[in-house]
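Asker: Below you'll find start_32.cif; it's mmCIF, C-alpha atoms.
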```cif
data_target
#
loop_
_atom_site.label_atom_id
_atom_site.label_comp_id
_atom_site.auth_asym_id
_atom_site.auth_seq_id
_atom_site.Cartn_x
_atom_site.Cartn_y
_atom_site.Cartn_z
CA MET A 43 176.06 120.26 -33.96
CA GLN A 44 179.22 118.53 -35.12
CA THR A 45 181.89 117.30 -32.76
CA TRP A 46 185.40 117.74 -34.05
CA ALA A 47 188.20 115.41 -33.00
CA ALA A 48 191.87 116.27 -33.11
CA PRO A 49 193.39 115.09 -36.41
CA ARG A 50 195.71 112.12 -36.36
CA GLY A 51 198.87 111.88 -38.38
CA ASP A 52 202.03 113.87 -38.79
CA GLY A 53 202.83 117.03 -40.67
CA MET A 54 200.49 118.69 -43.12
CA ALA A 55 198.45 115.51 -43.62
CA GLY A 56 197.09 115.85 -40.10
CA TRP A 57 196.35 119.54 -40.53
CA ALA A 58 194.63 118.85 -43.84
CA ALA A 59 192.14 116.66 -41.96
CA LEU A 60 191.37 119.56 -39.62
CA THR A 61 191.20 122.24 -42.30
CA HIS A 62 188.80 120.50 -44.67
CA CYS A 63 186.06 122.77 -43.34
CA PHE A 64 187.91 125.85 -44.59
CA GLU A 65 186.61 125.73 -48.15
CA PRO A 66 187.61 128.61 -50.45
CA ARG A 67 184.02 129.83 -50.66
CA MET A 68 183.92 130.15 -46.87
CA LEU A 69 186.99 132.35 -46.52
CA ALA A 70 185.95 135.82 -45.39
CA ILE A 71 188.89 137.69 -46.88
CA PRO A 72 188.10 141.25 -47.91
CA ALA A 73 188.55 141.92 -51.60
CA TYR A 74 190.32 145.21 -51.73
CA VAL A 75 189.41 145.56 -55.39
CA PRO A 76 185.68 146.40 -55.50
CA ARG A 77 183.73 143.82 -57.48
CA ASN A 78 181.72 146.49 -59.24
CA LEU A 79 184.92 148.05 -60.56
CA SER A 80 186.10 146.84 -63.94
CA SER A 81 189.79 146.15 -63.47
CA PRO A 82 192.24 143.92 -65.33
CA ILE A 83 193.75 142.73 -62.03
CA GLN A 84 190.48 141.45 -60.55
CA PRO A 85 190.51 138.04 -62.33
CA ILE A 86 194.16 137.62 -61.34
CA TRP A 87 193.30 138.43 -57.68
CA GLU A 88 190.42 135.96 -57.60
CA THR A 89 192.48 133.20 -59.23
CA SER A 90 195.36 133.79 -56.84
CA MET A 91 193.10 133.70 -53.80
CA LYS A 92 191.41 130.49 -54.93
CA THR A 93 194.77 128.82 -55.53
CA ALA A 94 196.07 130.00 -52.16
CA ALA A 95 192.95 128.84 -50.34
CA GLU A 96 193.36 125.34 -51.77
CA ASN A 97 196.89 125.15 -50.36
CA PRO A 98 196.96 123.29 -46.99
CA ARG A 99 199.67 125.58 -45.67
CA PHE A 100 197.53 128.60 -46.47
CA ARG A 101 194.61 126.98 -44.65
CA LEU A 102 196.84 126.45 -41.62
CA LEU A 103 197.78 130.12 -41.74
CA MET A 104 194.10 131.03 -41.83
CA ILE A 105 193.41 128.88 -38.74
CA VAL A 106 196.19 130.63 -36.85
CA PHE A 107 194.77 133.98 -37.97
CA ALA A 108 191.24 133.00 -36.90
CA VAL A 109 192.37 131.74 -33.49
CA SER A 110 194.38 134.92 -32.92
CA THR A 111 191.36 137.03 -33.84
CA MET A 112 189.13 135.08 -31.44
CA ALA A 113 191.66 135.50 -28.63
CA LEU A 114 191.77 139.25 -29.27
CA ALA A 115 187.97 139.37 -29.19
CA LEU A 116 187.89 137.59 -25.83
CA VAL A 117 190.33 140.08 -24.36
CA SER A 118 188.17 142.97 -25.52
CA THR A 119 184.87 141.53 -24.27
CA PRO A 120 183.12 142.96 -21.19
CA LEU A 121 184.42 141.99 -17.77
CA SER A 122 181.51 139.60 -17.25
CA ALA A 123 182.83 137.41 -20.08
CA GLN A 124 186.23 137.00 -18.45
CA ALA A 125 187.18 134.82 -15.50
CA GLY A 126 185.74 136.27 -12.30
CA GLN A 127 187.07 135.97 -8.76
CA ALA A 128 184.95 132.92 -7.95
CA GLU A 129 186.13 131.14 -11.10
CA ARG A 130 189.77 131.89 -10.40
CA GLU A 131 189.38 130.52 -6.87
CA GLY A 132 187.56 127.39 -8.06
CA ARG A 133 184.34 128.06 -6.14
CA ALA A 134 181.97 129.15 -8.91
CA LEU A 135 178.37 128.10 -8.27
CA THR A 136 175.06 128.06 -10.06
CA ILE A 137 172.86 130.59 -8.30
CA GLY A 138 169.11 130.51 -8.80
CA LEU A 139 167.35 133.80 -8.08
CA ILE A 140 163.65 133.52 -7.36
CA GLY A 141 162.60 137.06 -8.04
CA ALA A 142 164.49 139.33 -10.43
CA GLY A 143 163.38 142.79 -9.36
CA THR A 144 165.54 145.63 -8.12
CA MET A 145 167.35 143.57 -5.48
CA GLY A 146 167.47 140.21 -7.27
CA GLY A 147 168.59 141.79 -10.52
CA ALA A 148 171.39 143.77 -8.88
CA MET A 149 172.64 140.74 -6.96
CA GLY A 150 172.54 138.50 -10.02
CA LEU A 151 174.63 140.90 -12.08
CA LEU A 152 177.31 141.06 -9.39
CA PHE A 153 177.37 137.29 -8.92
CA ALA A 154 177.72 136.77 -12.68
CA GLU A 155 180.55 139.28 -12.81
CA ALA A 156 182.29 137.33 -10.04
CA GLY A 157 182.16 134.18 -12.18
CA HIS A 158 179.01 132.39 -10.99
CA GLN A 159 176.34 131.03 -13.31
CA VAL A 160 173.08 132.85 -12.63
CA ILE A 161 169.49 131.81 -13.32
CA PHE A 162 167.06 134.72 -13.12
CA SER A 163 163.46 133.67 -12.65
CA SER A 164 160.02 135.22 -12.57
CA ARG A 165 156.47 134.51 -13.71
CA ASN A 166 157.39 136.09 -17.05
CA PRO A 167 160.95 135.02 -17.88
CA ASP A 168 160.66 136.41 -21.41
CA GLU A 169 160.73 139.86 -19.81
CA LEU A 170 164.17 139.18 -18.30
CA MET A 171 166.13 139.06 -21.55
CA GLU A 172 167.68 142.50 -21.08
CA LEU A 173 168.88 141.45 -17.64
CA VAL A 174 170.25 138.19 -19.03
CA GLN A 175 172.12 140.04 -21.76
CA SER A 176 173.65 142.37 -19.17
CA ALA A 177 175.00 139.37 -17.28
CA ALA A 178 176.07 137.41 -20.38
CA PRO A 179 177.55 134.93 -20.89
CA ARG A 180 176.85 133.57 -17.40
CA ALA A 181 173.10 134.11 -17.16
CA SER A 182 169.84 132.53 -18.23
CA ALA A 183 166.18 133.04 -17.41
CA GLY A 184 163.36 130.70 -16.48
CA TYR A 185 160.55 130.03 -14.06
CA ALA A 186 161.03 129.65 -10.32
CA ASP A 187 161.07 125.85 -10.45
CA ALA A 188 164.09 125.94 -12.78
CA ALA A 189 165.97 128.26 -10.41
CA ALA A 190 165.11 126.03 -7.44
CA PHE A 191 166.04 122.81 -9.22
CA LEU A 192 169.24 123.91 -10.99
CA GLY A 193 170.69 126.28 -8.41
CA ASP A 194 173.40 125.20 -5.99
CA VAL A 195 172.40 128.26 -3.99
CA ILE A 196 168.92 129.78 -4.10
CA VAL A 197 168.24 133.46 -3.39
CA LEU A 198 164.70 134.34 -2.33
CA ALA A 199 164.43 137.89 -3.65
CA VAL A 200 160.67 138.12 -3.18
CA PRO A 201 158.36 139.67 -0.59
CA PRO A 202 158.03 137.37 2.44
CA VAL A 203 154.32 136.95 1.77
CA ALA A 204 155.32 134.87 -1.28
CA ILE A 205 157.63 132.52 0.62
CA PRO A 206 154.96 130.21 2.12
CA GLN A 207 153.71 129.40 -1.40
CA ILE A 208 157.27 129.01 -2.70
CA GLY A 209 157.90 126.55 0.09
CA GLU A 210 154.76 124.61 -0.71
CA ASP A 211 155.61 124.43 -4.41
CA PHE A 212 159.40 124.06 -4.43
CA ALA A 213 160.71 123.05 -0.99
CA HIS A 214 161.33 119.53 -2.28
CA LEU A 215 163.63 121.00 -4.95
CA MET A 216 165.68 122.90 -2.37
CA GLN A 217 166.36 120.05 0.06
CA GLY A 218 169.90 120.33 1.42
CA LYS A 219 170.65 123.47 -0.60
CA VAL A 220 171.81 126.84 0.69
CA VAL A 221 168.82 129.19 0.54
CA ILE A 222 169.34 132.89 1.18
CA ASP A 223 166.38 134.88 2.47
CA ILE A 224 166.78 138.60 1.80
CA SER A 225 163.17 139.53 2.57
CA ASN A 226 161.79 142.22 4.87
CA PRO A 227 158.12 142.07 5.90
CA ARG A 228 155.93 145.18 5.82
CA VAL A 229 152.56 145.60 7.48
CA ASP A 230 151.16 147.52 4.50
CA ARG A 231 152.04 144.61 2.20
CA GLU A 232 151.99 141.41 4.27
CA GLY A 233 149.32 142.50 6.74
CA PRO A 234 149.02 141.59 10.44
CA ILE A 235 151.21 138.49 10.10
CA THR A 236 154.16 140.88 9.79
CA ASN A 237 154.14 141.49 13.54
CA GLU A 238 154.09 137.75 14.20
CA TRP A 239 157.07 137.18 11.90
CA LEU A 240 159.06 140.04 13.42
CA GLU A 241 158.31 138.81 16.93
CA MET A 242 159.63 135.37 16.01
CA GLY A 243 162.40 136.80 13.84
CA THR A 244 162.05 136.55 10.08
CA GLY A 245 164.86 134.02 9.81
CA LEU A 246 163.04 131.43 11.92
CA ALA A 247 159.68 132.50 10.51
CA MET A 248 160.71 131.79 6.91
CA ALA A 249 162.53 128.58 7.87
CA GLN A 250 159.23 126.99 8.88
CA TYR A 251 158.08 127.20 5.25
CA LEU A 252 161.30 125.69 3.85
CA PRO A 253 161.91 122.40 5.67
CA GLY A 254 165.17 120.72 4.71
CA ALA A 255 166.76 123.86 3.27
CA ARG A 256 169.96 125.29 4.75
CA LEU A 257 168.45 128.71 5.28
CA VAL A 258 170.65 131.76 5.77
CA LYS A 259 169.42 135.28 6.44
CA ALA A 260 171.56 137.89 4.68
CA PHE A 261 171.48 140.94 2.38
CA ASN A 262 168.19 142.14 3.94
CA THR A 263 169.89 145.15 5.56
CA LEU A 264 170.80 146.62 2.17
CA GLY A 265 169.13 148.95 -0.26
CA ALA A 266 169.53 148.24 -3.98
CA ARG A 267 171.74 151.31 -4.46
CA MET A 268 174.27 149.92 -2.00
CA PHE A 269 175.16 147.24 -4.55
CA GLN A 270 176.15 149.98 -6.97
CA ASN A 271 178.24 151.78 -4.36
CA PRO A 272 179.33 149.37 -1.61
CA MET A 273 181.53 151.95 0.14
CA ARG A 274 180.63 154.50 2.80
CA ASN A 275 183.27 157.03 3.79
CA GLY A 276 185.94 154.83 2.25
CA VAL A 277 184.85 151.73 4.18
CA ARG A 278 182.96 148.74 2.78
CA ILE A 279 179.37 148.31 3.90
CA GLY A 280 178.89 145.33 6.19
CA VAL A 281 176.37 142.52 5.72
CA PRO A 282 175.21 140.55 8.78
CA ILE A 283 174.72 136.81 8.20
CA ALA A 284 172.79 134.34 10.35
CA GLY A 285 172.21 130.64 9.81
CA ASP A 286 172.37 127.33 11.65
CA ASP A 287 174.67 125.64 9.11
CA GLU A 288 178.29 126.79 9.39
CA GLU A 289 179.23 125.76 5.86
CA ALA A 290 176.18 127.55 4.47
CA ARG A 291 177.13 130.72 6.37
CA ASN A 292 180.64 130.59 4.91
CA ILE A 293 179.32 130.13 1.37
CA VAL A 294 177.11 133.18 1.82
CA ALA A 295 180.05 135.12 3.26
CA ASP A 296 181.96 134.46 0.04
CA LEU A 297 178.99 135.70 -1.99
CA VAL A 298 178.89 138.87 0.11
CA ARG A 299 182.55 139.47 -0.76
CA ASP A 300 181.80 138.75 -4.42
CA ALA A 301 179.26 141.58 -4.27
CA GLY A 302 181.97 143.94 -3.01
CA LEU A 303 180.68 144.02 0.59
CA GLU A 304 182.05 142.88 3.96
CA PRO A 305 180.45 139.85 5.65
CA VAL A 306 179.76 139.69 9.37
CA ILE A 307 178.89 136.25 10.77
CA VAL A 308 176.36 136.92 13.52
CA GLY A 309 175.57 133.34 14.50
CA PRO A 310 172.59 130.95 14.38
CA LEU A 311 169.40 131.74 12.51
CA ALA A 312 167.62 132.88 15.67
CA ARG A 313 169.94 135.89 15.81
CA ALA A 314 168.67 137.16 12.45
CA LYS A 315 166.01 138.91 14.51
CA GLU A 316 168.71 141.34 15.63
CA PHE A 317 169.04 142.78 12.12
CA ASP A 318 165.42 142.58 10.95
CA ARG A 319 163.51 145.61 9.67
CA GLY A 320 163.61 148.41 12.22
CA SER A 321 166.84 147.31 13.91
CA PRO A 322 169.61 149.89 14.52
CA ILE A 323 171.67 148.57 11.57
CA TRP A 324 168.86 148.03 9.06
CA VAL A 325 169.53 149.91 5.77
CA THR A 326 171.99 152.28 7.43
CA GLY A 327 175.08 151.39 5.40
CA ALA A 328 176.87 150.40 8.62
CA SER A 329 180.39 149.06 8.31
CA ALA A 330 181.36 145.59 9.50
CA GLN A 331 182.95 147.11 12.60
CA GLN A 332 179.82 149.13 13.40
CA ILE A 333 177.68 146.00 13.03
CA ARG A 334 179.94 144.06 15.39
CA GLU A 335 179.79 146.81 17.98
CA THR A 336 176.01 147.18 17.72
CA LEU A 337 175.39 143.42 17.99
CA SER A 338 178.07 142.89 20.66
CA LEU A 339 180.14 140.59 18.45
CA PRO A 340 183.87 139.98 18.93
#
```
Once more with this new file: its structure as structure tokens, please.

Answerer:
Amino acid sequence: MQTWAAPRGDGMAGWAALTHCFEPRMLAIPAYVPRNLSSPIQPIWETSMKTAAENPRFRLLMIVFAVSTMALALVSTPLSAQAGQAEREGRALTIGLIGAGTMGGAMGLLFAEAGHQVIFSSRNPDELMELVQSAAPRASAGYADAAAFLGDVIVLAVPPVAIPQIGEDFAHLMQGKVVIDISNPRVDREGPITNEWLEMGTGLAMAQYLPGARLVKAFNTLGARMFQNPMRNGVRIGVPIAGDDEEARNIVADLVRDAGLEPVIVGPLARAKEFDRGSPIWVTGASAQQIRETLSLP
């Protein structure tokens, strides 16, 4: 890849240094006279175009035309290619998603649209290309270690039974980082340990496998469809958030807003038990006000 420096000098001499790459053979100007049509004006057209293309002023005109075309293309690109809310506010992050299923995929798309860089990960990252293309140009795919190492924020979008192994393999890569646990244990999947985790509270239960991480419990009260339609009866769905690190909680609150939802700071990680699976607000689409009333929050 070549690196181009701004040309030095005044007037057309400086522009000539920049436009040397615009050779006549590279100009993609449509020939309105078909080349398979025998016409007396075709040689004149080709000669005129070659002469014009060798003129520095014409090359400058072509640069202006090319830049204008690129600007128009950027305006017409999908929303994900334009500056998102997080970018405009100067708080864009790199978010590593460990797990790119129904929940992880939906969250990643919304975060990318908001302006964050997203790394989707799974055991088979080559199968995530369609998801990456949907979140382009702010998405890439890799294995879990890449998401853990490169992410400023890590989202654990996996069943809780996988988290002990993730902690064993990658906890050293997540030291000091904000880690969001969205998991919900199920007896039919995790087995008898589910009851132990729920008794302790899944926030504290998962924290024991991720020493050094700034763990926050959030997004676990949602169904995947709620990301597509974050409103209920004209009111945004609320998302309870619990964590021991205040800054980490606030970062997650911003991500909740980026997803089109309303954050509710519940308090320390121990209080995540109050919105675990089976709680009165779990997957009900409750509003922020309803969550505050149910959990006796101000």

Asker: Of the candidates A:Pro253, A:Pro282, A:Pro272, A:Pro179, which one gets nearest to Val294 of chain A if we count all atoms listed in the file?

Answerer: A:Pro282

Asker: Carefully work through the PyMOL selection byres ((chain A and resi 153-163) around 6) for this structure and note down the residues it includes, as a list in words.

Answerer: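 Selected by the PyMOL selection byres ((chain A and resi 153-163) around 6) here: Ser122, Gly126, Gln127, Ala128, Glu129, Ala134, Leu135, Thr136, Ile137, Gly138, Leu139, Ile140, Gly141, Ala142, Gly150, Leu151, Leu152, Ser164, Pro167, Ala177, Arg180, Ala181, Ser182, Ala183, Gly184, Tyr185, Ala186, Ala189 and Asp300 of chain A.
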
Asker: My list of candidates is A:Arg299, A:Leu173, A:Pro340, A:Leu264. Which is closest to Val325 of chain A when distances are computed with all atoms listed in the file?

Answerer: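 When distances to Val325 of chain A are compared using all atoms listed in the file, the smallest one comes from A:Leu264.
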
Asker: Carefully work through the PyMOL selection byres ((chain A and resi 307-317) around 7) for this structure and note down the residues it includes, as a ChimeraX atom specification.

Answerer: /A:243-246,258-259,282-286,305-306,318-319,321,323-324

Asker: What does the distance between atom CA of Ala266 of chain A and atom CA of Val203 of chain A come to in Å, to one decimal place?

Answerer: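 Separation between atom CA of Ala266 of chain A and atom CA of Val203 of chain A: 19.8 Å.
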
Asker: Kindly give the distance, in Å, that separates atom CA of Asp230 of chain A and atom CA of Ala204 of chain A, rounded to a single decimal.

Answerer: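 A separation of 14.5 Å between them.
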
Asker: Which residues, named as in the file, does the PyMOL selection byres ((chain A and resi 269) around 12) pick out? Answer as a PyMOL selection string.

Answerer: chain A and resi 144-153+261+263-268+270-274+278-281+298-304+327

Asker: How far is it from atom CA of Val197 of chain A to atom CA of Leu240 of chain A, in Å with one decimal?

Answerer: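 So the two atoms, atom CA of Val197 of chain A and atom CA of Leu240 of chain A, lie 20.3 Å apart.
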
Asker: Nearest to Trp239 of chain A among A:Pro202, A:Arg256, A:Ile222, A:Gly320, with distances taken over all atoms listed in the file: which residue is it?

Answerer: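 Distance minimum relative to Trp239 of chain A lands on A:Pro202.
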
Asker: Which residue is closest to Phe212 of chain A? Choose from A:Leu170, A:Ile293, A:Ala255, A:Met242 and count all atoms listed in the file.

Answerer: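 Comparing A:Leu170, A:Ile293, A:Ala255, A:Met242 against Phe212 of chain A, the winner is A:Ala255.
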